[in-house]
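Enquirer: Sending over query04.txt (compact mmCIF, C-alpha atoms).
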# COMPACT_ATOMS: atom_id res chain seq x y z
CA MET A 1 -24.62 -23.49 52.20
CA ILE A 2 -21.96 -22.59 49.68
CA SER A 3 -18.78 -24.61 49.90
CA ARG A 4 -15.32 -23.10 50.04
CA VAL A 5 -14.55 -24.58 46.57
CA SER A 6 -17.60 -22.87 45.08
CA VAL A 7 -16.59 -19.49 46.53
CA CYS A 8 -13.05 -19.86 45.18
CA THR A 9 -14.43 -20.84 41.78
CA ILE A 10 -16.72 -17.78 41.70
CA VAL A 11 -13.91 -15.44 42.78
CA LEU A 12 -11.49 -16.83 40.19
CA ALA A 13 -14.12 -16.66 37.45
CA SER A 14 -14.84 -13.03 38.37
CA PHE A 15 -11.15 -12.08 38.17
CA ALA A 16 -10.81 -13.87 34.85
CA ALA A 17 -13.85 -12.04 33.44
CA LEU A 18 -12.49 -8.70 34.63
CA GLY A 19 -9.11 -9.46 33.08
CA LEU A 20 -10.66 -10.36 29.73
CA ALA A 21 -12.84 -7.27 29.81
CA ALA A 22 -9.80 -5.09 30.46
CA CYS A 23 -7.96 -6.68 27.53
CA SER A 24 -10.81 -5.98 25.16
CA HIS A 25 -10.63 -2.23 25.85
CA ARG A 26 -7.03 -1.78 24.71
CA ALA A 27 -6.40 0.60 21.86
CA PRO A 28 -6.25 -1.18 18.50
CA GLN A 29 -2.76 -1.88 17.26
CA ALA A 30 -1.75 -0.56 13.85
CA VAL A 31 -1.22 -3.26 11.27
CA THR A 32 1.39 -2.63 8.62
CA SER A 33 2.73 -4.71 5.83
CA ALA A 34 6.26 -3.52 6.37
CA ALA A 35 8.95 -6.06 5.86
CA PRO A 36 11.13 -6.82 8.87
CA GLY A 37 13.87 -4.26 9.25
CA THR A 38 12.06 -1.55 7.28
CA ASP A 39 11.19 1.88 8.59
CA ASP A 40 7.47 1.84 9.47
CA ALA A 41 7.37 5.64 9.05
CA ALA A 42 8.23 5.18 5.37
CA VAL A 43 5.59 2.49 4.74
CA ALA A 44 2.51 4.70 5.19
CA PRO A 45 3.62 7.50 2.84
CA ALA A 46 4.74 4.96 0.22
CA ALA A 47 1.40 3.15 0.44
CA ALA A 48 -0.48 6.46 0.18
CA ALA A 49 1.59 7.48 -2.84
CA ALA A 50 0.91 4.13 -4.54
CA SER A 51 -2.80 4.46 -3.79
CA ARG A 52 -2.92 7.93 -5.36
CA GLY A 53 -0.80 6.59 -8.20
CA ALA A 54 -3.29 3.79 -8.88
CA ARG A 55 -6.01 6.36 -9.47
CA ILE A 56 -3.76 8.39 -11.77
CA PHE A 57 -2.71 5.22 -13.61
CA ALA A 58 -6.35 4.24 -14.17
CA ALA A 59 -7.11 7.66 -15.65
CA GLN A 60 -3.92 8.33 -17.62
CA CYS A 61 -2.10 5.06 -18.33
CA ALA A 62 -4.46 2.09 -18.31
CA ALA A 63 -5.82 2.75 -21.80
CA CYS A 64 -2.40 1.86 -23.23
CA HIS A 65 -0.82 -0.32 -20.51
CA GLY A 66 -4.00 -2.19 -19.53
CA ALA A 67 -5.84 -2.35 -16.24
CA GLY A 68 -3.38 -3.07 -13.49
CA GLY A 69 -0.47 -2.63 -15.90
CA SER A 70 -0.96 -6.05 -17.44
CA GLY A 71 -0.29 -4.80 -20.96
CA GLY A 72 -2.63 -3.19 -23.43
CA PRO A 73 -3.22 -2.41 -27.06
CA ILE A 74 -0.22 -0.05 -27.30
CA GLY A 75 1.80 -0.15 -24.08
CA PRO A 76 3.73 -3.11 -22.73
CA SER A 77 3.01 -4.88 -19.47
CA LEU A 78 4.45 -3.08 -16.48
CA ARG A 79 4.23 -6.11 -14.20
CA ASP A 80 7.52 -6.72 -12.39
CA VAL A 81 9.02 -3.51 -13.78
CA ARG A 82 10.74 -3.11 -10.39
CA LYS A 83 12.99 -6.02 -11.36
CA LYS A 84 14.42 -3.90 -14.18
CA HIS A 85 14.11 -0.34 -12.88
CA ASP A 86 14.28 1.29 -9.47
CA LEU A 87 11.84 4.04 -8.50
CA ALA A 88 14.10 6.85 -9.74
CA ALA A 89 14.38 5.20 -13.16
CA VAL A 90 10.58 4.79 -13.40
CA VAL A 91 10.13 8.47 -12.51
CA GLU A 92 12.59 9.41 -15.27
CA ILE A 93 10.78 7.19 -17.82
CA VAL A 94 7.42 8.77 -16.97
CA LYS A 95 8.85 12.30 -17.12
CA ASN A 96 10.81 11.73 -20.33
CA PRO A 97 9.45 8.79 -22.32
CA SER A 98 11.95 7.38 -24.81
CA THR A 99 9.42 5.84 -27.18
CA ALA A 100 7.18 7.61 -29.67
CA THR A 101 4.12 5.71 -28.49
CA MET A 102 4.30 6.86 -24.85
CA PRO A 103 2.93 10.38 -24.46
CA LYS A 104 4.83 13.01 -22.51
CA LEU A 105 2.36 13.81 -19.74
CA PHE A 106 4.74 15.78 -17.53
CA PRO A 107 4.45 18.70 -16.85
CA ALA A 108 1.37 19.46 -19.00
CA GLN A 109 -1.03 16.87 -17.53
CA LEU A 110 0.86 15.39 -14.57
CA SER A 111 2.54 17.31 -11.78
CA ALA A 112 5.83 16.19 -10.26
CA GLN A 113 3.82 14.70 -7.37
CA ASP A 114 1.57 12.85 -9.82
CA VAL A 115 4.64 11.40 -11.55
CA ALA A 116 6.08 10.29 -8.19
CA ASP A 117 2.75 8.72 -7.18
CA VAL A 118 2.16 6.84 -10.44
CA SER A 119 5.77 5.67 -10.39
CA ALA A 120 5.28 4.38 -6.83
CA TYR A 121 2.21 2.48 -8.04
CA VAL A 122 4.05 0.99 -11.03
CA GLU A 123 6.71 -0.27 -8.60
CA THR A 124 3.99 -2.29 -6.83
CA LEU A 125 2.86 -4.15 -9.94
Just dump the structure as structure tokens.

Expert:
Amino acid sequence: MISRVSVCTIVLASFAALGLAACSHRAPQAVTSAAPGTDDAAVAPAAAAASRGARIFAAQCAACHGAGGSGGPIGPSLRDVRKKHDLAAVVEIVKNPSTATMPKLFPAQLSAQDVADVSAYVETL
């Protein structure tokens, strides 16, 4: 004969199993790297722009500025450039380089969107 304690244990274990099963079927939560107090809606587009910019940088800029912007044979390191220039200033530098060694890639090779994307990537270095 099954004791009252055993029945209670089985019932409680069943409810616990059902509760855990229900928890495992929740929709996955989005994970963002947004800093507290930032607009999550702005994080995804910025991350996408930087991702596109990384590809453009690899194709158009890395030969001079080095892989990952660490500095190369001609161009200086772009690491921590965000400490000196905001995004708008980086866009302006890419559009209108002030040195003879940096080629003017806009608008012949880079579109305005490309410039914005590569500038967003440089801001992440």

Enquirer: Write out as number ranges by chain which residues come within 10 Å of His65 of chain A when counting all atoms listed in the file, dropping same-chain ones fewer than 3 positions away.

Expert: A: 57-58, 60-62, 68-79, 102

Enquirer: Quick one, how far is atom CA of Gln109 of chain A from atom CA of Gly66 of chain A?

Expert: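 So the two atoms, atom CA of Gln109 of chain A and atom CA of Gly66 of chain A, lie 19.4 Å apart.
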
Enquirer: May I ask for the distance between atom CA of Gly53 of chain A and atom CA of Val122 of chain A, given in Å to one decimal place?

Expert: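 We find that atom CA of Gly53 of chain A and atom CA of Val122 of chain A lie 7.9 Å from each other.
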
Enquirer: For atom CA of Leu87 of chain A and atom CA of Ala116 of chain A, quote the distance in Å rounded to one decimal.

Expert: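 Computing the Euclidean distance for atom CA of Leu87 of chain A and atom CA of Ala116 of chain A yields 8.5 Å.
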
Enquirer: Can you tell me which residues surround Ala112 of chain A at a distance of at most 12 Å, considering only C-alpha atoms, apart from same-chain residues fewer than 6 positions away, and format the answer as an MDAnalysis selection string?

Expert: chainID A and resid 53 91:92 94:95 105:106 118:119

Enquirer: I want to know what sits within 10 Å of Ala50 of chain A, based on only C-alpha atoms, with residues of the same chain fewer than 2 positions away left out; could you give that as a ChimeraX atom specification?

Expert: /A:44-48,52-57,116-124
